[in-house]
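Reproduced below: coords.cif, with mmCIF, C-alpha atoms and all ligand atoms.
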```
data_coords
loop_
_atom_site.label_atom_id
_atom_site.label_comp_id
_atom_site.auth_asym_id
_atom_site.auth_seq_id
_atom_site.Cartn_x
_atom_site.Cartn_y
_atom_site.Cartn_z
CA MET A 1 0.00 0.00 0.00
CA LYS A 2 1.59 3.24 -1.22
CA ARG A 3 -0.64 5.47 0.85
CA GLY A 4 -3.61 5.13 3.22
CA ILE A 5 -7.28 4.92 2.33
CA PHE A 6 -9.77 7.75 2.47
CA ILE A 7 -13.45 6.92 3.09
CA THR A 8 -16.26 9.47 3.40
CA LEU A 9 -19.91 9.29 4.46
CA GLU A 10 -22.45 11.57 2.83
CA GLY A 11 -26.17 12.27 2.86
CA ILE A 12 -28.78 14.86 3.86
CA ASP A 13 -29.32 15.98 7.47
CA ALA A 14 -30.52 13.21 9.79
CA SER A 15 -30.03 10.52 7.14
CA GLY A 16 -28.02 8.56 9.71
CA LYS A 17 -24.44 9.45 8.69
CA THR A 18 -22.99 9.97 12.16
CA THR A 19 -24.66 6.80 13.46
CA GLN A 20 -23.08 4.72 10.67
CA PHE A 21 -19.80 6.66 10.86
CA LYS A 22 -19.33 5.62 14.52
CA ARG A 23 -20.13 2.00 13.70
CA LEU A 24 -17.73 1.99 10.78
CA VAL A 25 -14.86 3.49 12.79
CA ASN A 26 -15.36 0.94 15.60
CA TYR A 27 -15.66 -1.93 13.14
CA LEU A 28 -12.42 -1.04 11.34
CA LYS A 29 -10.57 -0.56 14.64
CA ARG A 30 -11.81 -3.96 15.85
CA ARG A 31 -10.47 -5.50 12.64
CA GLY A 32 -7.07 -4.07 13.49
CA TYR A 33 -6.91 -1.21 11.00
CA ASP A 34 -5.12 1.99 11.95
CA VAL A 35 -8.08 4.39 11.76
CA VAL A 36 -8.29 8.16 12.10
CA SER A 37 -11.70 9.82 11.98
CA PHE A 38 -12.92 13.36 11.39
CA ARG A 39 -16.19 15.25 11.11
CA GLU A 40 -16.79 18.08 8.71
CA PRO A 41 -16.81 20.96 9.12
CA GLY A 42 -14.16 20.54 11.81
CA GLY A 43 -11.44 18.10 12.73
CA GLU A 44 -8.69 20.68 13.05
CA ASP A 45 -8.26 23.71 15.36
CA VAL A 46 -9.17 26.41 12.84
CA SER A 47 -11.79 24.18 11.20
CA GLU A 48 -13.56 23.69 14.54
CA ARG A 49 -13.71 27.49 15.00
CA ILE A 50 -15.17 27.85 11.51
CA ARG A 51 -17.69 25.10 12.35
CA LYS A 52 -19.03 27.26 15.19
CA ILE A 53 -19.71 30.13 12.79
CA LEU A 54 -21.33 27.85 10.21
CA LEU A 55 -23.65 26.20 12.72
CA ASP A 56 -24.58 29.39 14.59
CA ASN A 57 -28.21 30.22 13.79
CA ARG A 58 -27.70 33.90 14.68
CA PHE A 59 -25.62 34.56 11.57
CA ALA A 60 -27.19 35.09 8.18
CA LEU A 61 -24.36 34.10 5.84
CA THR A 62 -24.44 34.88 2.16
CA ARG A 63 -24.22 31.73 0.07
CA GLU A 64 -20.79 32.85 -1.10
CA ALA A 65 -19.51 33.38 2.46
CA GLU A 66 -20.94 30.01 3.46
CA LEU A 67 -19.14 28.33 0.56
CA PHE A 68 -15.79 29.92 1.41
CA LEU A 69 -16.08 29.05 5.10
CA TYR A 70 -16.71 25.38 4.28
CA LEU A 71 -13.77 25.42 1.90
CA ALA A 72 -11.46 27.18 4.37
CA SER A 73 -12.34 24.61 7.00
CA ARG A 74 -11.75 21.76 4.53
CA SER A 75 -8.42 23.14 3.36
CA GLN A 76 -7.10 23.24 6.94
CA LEU A 77 -8.31 19.69 7.59
CA VAL A 78 -6.94 18.24 4.36
CA LEU A 79 -3.53 19.87 4.37
CA ASN A 80 -2.82 19.67 8.10
CA ARG A 81 -4.43 16.35 8.96
CA ILE A 82 -5.73 14.13 6.15
CA ILE A 83 -2.75 14.29 3.78
CA PRO A 84 -0.15 13.63 6.53
CA PHE A 85 -2.24 10.69 7.82
CA LEU A 86 -2.61 9.30 4.30
CA LYS A 87 1.17 9.44 3.90
CA ASP A 88 1.34 7.54 7.18
CA LYS A 89 -0.88 4.79 5.60
CA LYS A 90 -3.86 5.27 7.93
CA ILE A 91 -7.48 4.64 7.05
CA ILE A 92 -9.21 7.98 7.29
CA VAL A 93 -12.98 8.08 7.77
CA CYS A 94 -14.70 11.42 7.37
CA ASP A 95 -18.30 12.34 8.27
CA ARG A 96 -19.08 14.57 5.22
CA PHE A 97 -16.59 15.98 2.69
CA SER A 98 -16.52 17.77 -0.69
CA ASP A 99 -19.69 16.10 -2.01
CA SER A 100 -21.68 17.88 0.72
CA THR A 101 -20.48 21.25 -0.56
CA LEU A 102 -21.43 20.36 -4.12
CA ALA A 103 -24.85 19.10 -2.96
CA TYR A 104 -25.69 21.93 -0.52
CA GLN A 105 -23.96 25.00 -1.96
CA GLY A 106 -24.18 23.87 -5.60
CA TYR A 107 -27.42 21.96 -6.11
CA GLY A 108 -29.12 23.34 -2.97
CA ARG A 109 -28.23 27.04 -2.92
CA GLY A 110 -27.85 27.26 -6.69
CA LEU A 111 -24.19 28.27 -6.98
CA SER A 112 -22.48 27.20 -10.21
CA LEU A 113 -21.68 23.47 -10.03
CA LYS A 114 -18.63 23.99 -12.19
CA LEU A 115 -17.31 26.71 -9.88
CA VAL A 116 -18.01 24.73 -6.70
CA LYS A 117 -16.19 21.70 -8.15
CA LYS A 118 -13.22 23.86 -9.13
CA LEU A 119 -13.03 25.49 -5.69
CA ASN A 120 -13.39 22.11 -3.96
CA ASP A 121 -10.39 20.89 -5.97
CA PHE A 122 -8.48 24.06 -5.11
CA ALA A 123 -9.20 23.78 -1.37
CA THR A 124 -8.31 20.08 -1.18
CA ASN A 125 -5.29 19.96 -3.48
CA ARG A 126 -7.48 17.70 -5.64
CA LEU A 127 -7.86 15.08 -2.95
CA VAL A 128 -10.77 12.78 -3.83
CA PRO A 129 -12.02 10.04 -1.47
CA ASP A 130 -11.25 6.44 -2.46
CA LEU A 131 -14.73 5.39 -1.35
CA THR A 132 -17.83 7.44 -0.56
CA ILE A 133 -20.90 5.94 1.03
CA LEU A 134 -24.04 7.93 0.32
CA ILE A 135 -26.82 7.19 2.78
CA ASP A 136 -30.04 8.04 1.01
CA VAL A 137 -33.37 8.65 2.76
CA PRO A 138 -36.48 10.46 1.57
CA LEU A 139 -36.96 13.92 3.07
CA LYS A 140 -39.99 12.78 5.03
CA GLU A 141 -37.85 10.25 6.87
CA SER A 142 -35.13 12.79 7.63
CA LEU A 143 -37.72 15.24 9.02
CA LYS A 144 -39.12 12.48 11.22
CA ARG A 145 -35.66 11.71 12.60
CA ALA A 146 -34.37 15.26 13.08
CA LYS A 147 -34.59 16.80 16.52
CA ASP A 148 -33.99 20.25 18.02
CA LYS A 149 -31.23 22.15 16.23
CA LYS A 150 -31.26 19.87 13.20
CA LYS A 151 -35.04 20.21 12.90
CA ASP A 152 -34.81 24.01 13.14
CA ARG A 153 -32.22 24.04 10.40
CA LEU A 154 -34.26 21.78 8.14
CA GLU A 155 -37.35 23.90 8.59
CA ARG A 156 -35.53 27.20 8.13
CA SER A 157 -33.92 26.22 4.84
CA GLY A 158 -37.17 24.78 3.51
CA ILE A 159 -38.30 21.51 2.02
CA SER A 160 -37.50 22.38 -1.60
CA PHE A 161 -33.90 23.23 -0.66
CA TYR A 162 -33.43 19.78 0.86
CA GLN A 163 -35.13 18.13 -2.11
CA ARG A 164 -32.52 19.75 -4.35
CA VAL A 165 -29.72 18.66 -2.01
CA ARG A 166 -30.94 15.07 -1.98
CA GLY A 167 -31.32 15.13 -5.77
CA GLY A 168 -27.78 16.53 -6.00
CA PHE A 169 -26.34 13.70 -3.97
CA LEU A 170 -28.18 11.17 -6.14
CA GLU A 171 -26.83 12.80 -9.29
CA ILE A 172 -23.28 12.75 -7.92
CA ALA A 173 -23.71 9.02 -7.18
CA ARG A 174 -25.00 8.40 -10.73
CA LYS A 175 -22.09 10.28 -12.28
CA GLU A 176 -19.41 8.69 -10.11
CA LYS A 177 -20.53 5.10 -9.80
CA THR A 178 -17.07 3.74 -9.08
CA ARG A 179 -16.33 5.99 -6.13
CA VAL A 180 -19.79 6.63 -4.70
CA LYS A 181 -21.84 3.71 -3.39
CA MET A 182 -25.43 4.45 -2.47
CA VAL A 183 -26.97 2.77 0.54
CA ASP A 184 -30.68 2.90 1.24
CA GLY A 185 -30.94 4.32 4.77
CA ILE A 186 -34.65 3.80 5.23
CA GLY A 187 -34.44 0.64 7.32
CA GLY A 188 -33.40 0.67 10.97
CA VAL A 189 -29.87 1.27 12.20
CA GLU A 190 -28.91 -2.44 12.05
CA LYS A 191 -30.25 -2.97 8.56
CA THR A 192 -28.46 0.11 7.27
CA TRP A 193 -25.24 -0.96 9.00
CA ASP A 194 -25.40 -4.36 7.25
CA LYS A 195 -25.45 -2.53 3.92
CA VAL A 196 -22.68 -0.10 4.85
CA LYS A 197 -20.57 -2.99 6.12
CA ALA A 198 -21.11 -4.94 2.88
CA VAL A 199 -19.88 -1.98 0.81
CA VAL A 200 -16.80 -1.51 2.99
CA ASP A 201 -16.02 -5.23 3.14
CA GLU A 202 -16.12 -5.43 -0.64
CA PHE A 203 -13.95 -2.35 -1.00
CA LEU A 204 -11.34 -3.56 1.49
CA GLN A 205 -11.73 -7.18 0.35
CA ILE A 206 -12.66 -8.43 3.82
CA ASP A 207 -14.48 -11.78 3.81
N1 LIG B 301 -31.47 3.77 10.27
C1 LIG B 301 -32.08 4.55 11.16
N2 LIG B 301 -33.38 4.36 11.45
C2 LIG B 301 -34.01 5.17 12.34
N3 LIG B 301 -33.44 6.19 13.00
C3 LIG B 301 -32.14 6.41 12.76
C4 LIG B 301 -31.39 5.62 11.83
N4 LIG B 301 -30.12 6.09 11.79
C5 LIG B 301 -30.08 7.13 12.64
N5 LIG B 301 -31.28 7.33 13.23
C6 LIG B 301 -31.62 8.39 14.21
O1 LIG B 301 -31.83 9.58 13.44
C7 LIG B 301 -31.25 10.71 14.08
C8 LIG B 301 -30.21 11.33 13.13
O2 LIG B 301 -29.13 10.40 12.95
P1 LIG B 301 -27.63 10.88 12.70
O3 LIG B 301 -26.80 9.66 12.60
O4 LIG B 301 -27.24 11.91 13.70
O5 LIG B 301 -27.81 11.55 11.26
P2 LIG B 301 -26.86 12.58 10.47
O6 LIG B 301 -25.49 12.46 11.06
O7 LIG B 301 -26.95 12.12 9.05
O8 LIG B 301 -27.46 13.93 10.64
C9 LIG B 301 -30.65 10.21 15.39
O9 LIG B 301 -31.60 10.46 16.41
C10 LIG B 301 -30.47 8.73 15.15
O10 LIG B 301 -30.55 7.99 16.34
MG MG B 302 -24.21 13.94 11.79
#
```

As structure tokens, how would this structure be written, given the file I've shared?
Ligand SMILES: Nc1ncnc2c1ncn2[C@@H]1O[C@H](COP(=O)(O)OP(=O)(O)O)[C@@H](O)[C@H]1O
Ligand SMILES: [Mg+2]
Amino acid sequence: MKRGIFITLEGIDASGKTTQFKRLVNYLKRRGYDVVSFREPGGEDVSERIRKILLDNRFALTREAELFLYLASRSQLVLNRIIPFLKDKKIIVCDRFSDSTLAYQGYGRGLSLKLVKKLNDFATNRLVPDLTILIDVPLKESLKRAKDKKKDRLERSGISFYQRVRGGFLEIARKEKTRVKMVDGIGGVEKTWDKVKAVVDEFLQID
């Protein structure tokens, strides 16, 4: 292995990403892999500060400012953490990454997809995950699952925004079939985990 492996989890709010992310990290550790995990936005000192701004409901960010804050956070994480760990042959698991920016800021907020892709590449030094697991749930299911802050956010941005985001994720998966594996997240936690595990086992050739 020349370098480590980079795995990301994607999906709309309350699709079950963090639940599956924790399971995946524990599973890989139990199997003896050297795993490092991050959440986005965050995972690095400056990125965690930026996260606070992004998730603070009191601020009304322009869509451009929002885009640049996500990218600034990602750049810090990639250059200061992910790339060094990849060189060190770790498995890196990340809860959200560049696809979220394309789905939310591109498809969702309506910024140019071409521009968002270009800026994602610029911010990450063209780092692309080796495997991305997209957990797909209908909006109705995500609204049912979301509580408190997440529910507020969903309701504030509006249903049609999240429909576009979900559609964006599905389009990314269709266009990048090799990298992005879609998992139906509608079943319970165990059922979804079985599917996530199957994707990862096939990718890592675990039998
Ligand atoms: N497969 C599932 N079926 C039902 N509820 C789930 C499932 N996965 C997660 N949840 C619940 O939905 C909520 C959101 O899950 P979470 O993993 O935090 O989603 P995300 O990180 O995508 O926002 C949590 O309360 C969680 O316990
Ligand atoms: Mg989460």

Output the neighbourhood of ligand LIG 301 (chain B) as a CSV table (one decimal) with C-alpha atoms, in the frame of the given file, that is, all protein and nucleic acid residues with some atom at most 6 Å from the ligand, counting only C-alpha atoms and all ligand atoms.
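Generated file (selection.csv):
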```
chain,number,residue,atom,x,y,z
A,13,ASP,CA,-29.3,16.0,7.5
A,14,ALA,CA,-30.5,13.2,9.8
A,15,SER,CA,-30.0,10.5,7.1
A,16,GLY,CA,-28.0,8.6,9.7
A,17,LYS,CA,-24.4,9.4,8.7
A,18,THR,CA,-23.0,10.0,12.2
A,19,THR,CA,-24.7,6.8,13.5
A,145,ARG,CA,-35.7,11.7,12.6
A,146,ALA,CA,-34.4,15.3,13.1
A,185,GLY,CA,-30.9,4.3,4.8
A,186,ILE,CA,-34.6,3.8,5.2
A,187,GLY,CA,-34.4,0.6,7.3
A,188,GLY,CA,-33.4,0.7,11.0
A,189,VAL,CA,-29.9,1.3,12.2
A,192,THR,CA,-28.5,0.1,7.3
```

>> With all atoms listed in the file as the counted atoms, please give the residues lying no more than 10 Å from Phe161 of chain A, apart from itself and same-chain residues fewer than 5 positions off, as a PyMOL selection string.
In response: chain A and resi 104+107-110+154-156+166-167

> Within 12 Å of segment 193-201 of chain A, counting only C-alpha atoms, which residues qualify if same-chain residues fewer than 2 places away don't, as a VMD selection string?
Replying inline: chain A and resid 5 to 10 16 to 28 31 91 93 130 to 136 178 to 191 203 to 207

>> Just checking: using all atoms listed in the file, which residue out of A:Leu79, A:Leu71, A:Val35, A:Cys94 ends up closest to ligand MG 302 (chain B)?
In response: A:Cys94

> When distances are computed from only C-alpha atoms, which of A:Val116, A:Ala72, A:Leu86, A:Leu77 shows the smallest separation from Ser100 of chain A?
Replying inline: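 Among A:Val116, A:Ala72, A:Leu86, A:Leu77, it is A:Val116 that comes nearest to Ser100 of chain A.
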
> Using all atoms listed in the file, which of the listed residues (A:Lys118, A:Arg126, A:Lys150, A:Lys144) sits closest to ligand MG 302 (chain B)?
Replying inline: A:Lys150

> What is the distance between atom CA of Phe169 of chain A and atom CA of Lys87 of chain A, in Å to one decimal?
Replying inline: 28.9 Å

> In terms of the shortest atom-to-atom distance over all atoms listed in the file, which of A:Pro138, A:Gly4, A:Pro41, A:Gly32 is closest to ligand MG 302 (chain B)?
Replying inline: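 Between A:Pro138, A:Gly4, A:Pro41, A:Gly32, the residue approaching ligand MG 302 (chain B) most closely is A:Pro41.
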
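Candidate residues A:Gly168, A:Gly106, A:Lys147, A:Lys140 were compared for distance to ligand MG 302 (chain B), and the nearest is A:Lys147, using only C-alpha atoms and all ligand atoms.
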
> Mind pulling up the distance from atom CA of Val128 of chain A to atom CA of Leu102 of chain A?
Replying inline: 13.1 Å

Complete segment 33-45 of chain A with N, CA and C atoms (output as a PDB file, keeping the file's coordinate frame).
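Here's the written file rebuild-v2.pdb:
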```
ATOM      1  N   TYR A  33      -7.403  -2.286  11.870  1.00  0.00           N
ATOM      2  CA  TYR A  33      -6.910  -1.210  11.000  1.00  0.00           C
ATOM      3  C   TYR A  33      -6.525   0.005  11.830  1.00  0.00           C
ATOM      4  N   ASP A  34      -5.573   0.755  11.307  1.00  0.00           N
ATOM      5  CA  ASP A  34      -5.120   1.990  11.950  1.00  0.00           C
ATOM      6  C   ASP A  34      -6.026   3.104  11.443  1.00  0.00           C
ATOM      7  N   VAL A  35      -7.030   3.478  12.240  1.00  0.00           N
ATOM      8  CA  VAL A  35      -8.080   4.390  11.760  1.00  0.00           C
ATOM      9  C   VAL A  35      -7.987   5.767  12.409  1.00  0.00           C
ATOM     10  N   VAL A  36      -8.181   6.797  11.600  1.00  0.00           N
ATOM     11  CA  VAL A  36      -8.290   8.160  12.100  1.00  0.00           C
ATOM     12  C   VAL A  36      -9.622   8.692  11.577  1.00  0.00           C
ATOM     13  N   SER A  37     -10.401   9.363  12.449  1.00  0.00           N
ATOM     14  CA  SER A  37     -11.700   9.820  11.980  1.00  0.00           C
ATOM     15  C   SER A  37     -11.896  11.318  12.215  1.00  0.00           C
ATOM     16  N   PHE A  38     -12.640  11.929  11.317  1.00  0.00           N
ATOM     17  CA  PHE A  38     -12.920  13.360  11.390  1.00  0.00           C
ATOM     18  C   PHE A  38     -14.373  13.631  11.045  1.00  0.00           C
ATOM     19  N   ARG A  39     -14.866  14.784  11.545  1.00  0.00           N
ATOM     20  CA  ARG A  39     -16.190  15.250  11.110  1.00  0.00           C
ATOM     21  C   ARG A  39     -15.999  16.569  10.409  1.00  0.00           C
ATOM     22  N   GLU A  40     -16.836  16.807   9.430  1.00  0.00           N
ATOM     23  CA  GLU A  40     -16.790  18.080   8.710  1.00  0.00           C
ATOM     24  C   GLU A  40     -18.074  18.854   8.916  1.00  0.00           C
ATOM     25  N   PRO A  41     -18.033  20.184   9.008  1.00  0.00           N
ATOM     26  CA  PRO A  41     -16.810  20.960   9.120  1.00  0.00           C
ATOM     27  C   PRO A  41     -16.182  20.755  10.490  1.00  0.00           C
ATOM     28  N   GLY A  42     -14.859  20.712  10.537  1.00  0.00           N
ATOM     29  CA  GLY A  42     -14.160  20.540  11.810  1.00  0.00           C
ATOM     30  C   GLY A  42     -12.956  19.653  11.652  1.00  0.00           C
ATOM     31  N   GLY A  43     -12.533  19.054  12.774  1.00  0.00           N
ATOM     32  CA  GLY A  43     -11.440  18.100  12.730  1.00  0.00           C
ATOM     33  C   GLY A  43     -10.050  18.686  12.824  1.00  0.00           C
ATOM     34  N   GLU A  44      -9.985  20.006  12.975  1.00  0.00           N
ATOM     35  CA  GLU A  44      -8.690  20.680  13.050  1.00  0.00           C
ATOM     36  C   GLU A  44      -8.991  21.988  13.798  1.00  0.00           C
ATOM     37  N   ASP A  45      -7.990  22.564  14.473  1.00  0.00           N
ATOM     38  CA  ASP A  45      -8.260  23.710  15.360  1.00  0.00           C
ATOM     39  C   ASP A  45      -9.037  24.843  14.673  1.00  0.00           C
TER      40      ASP A  45
END
```
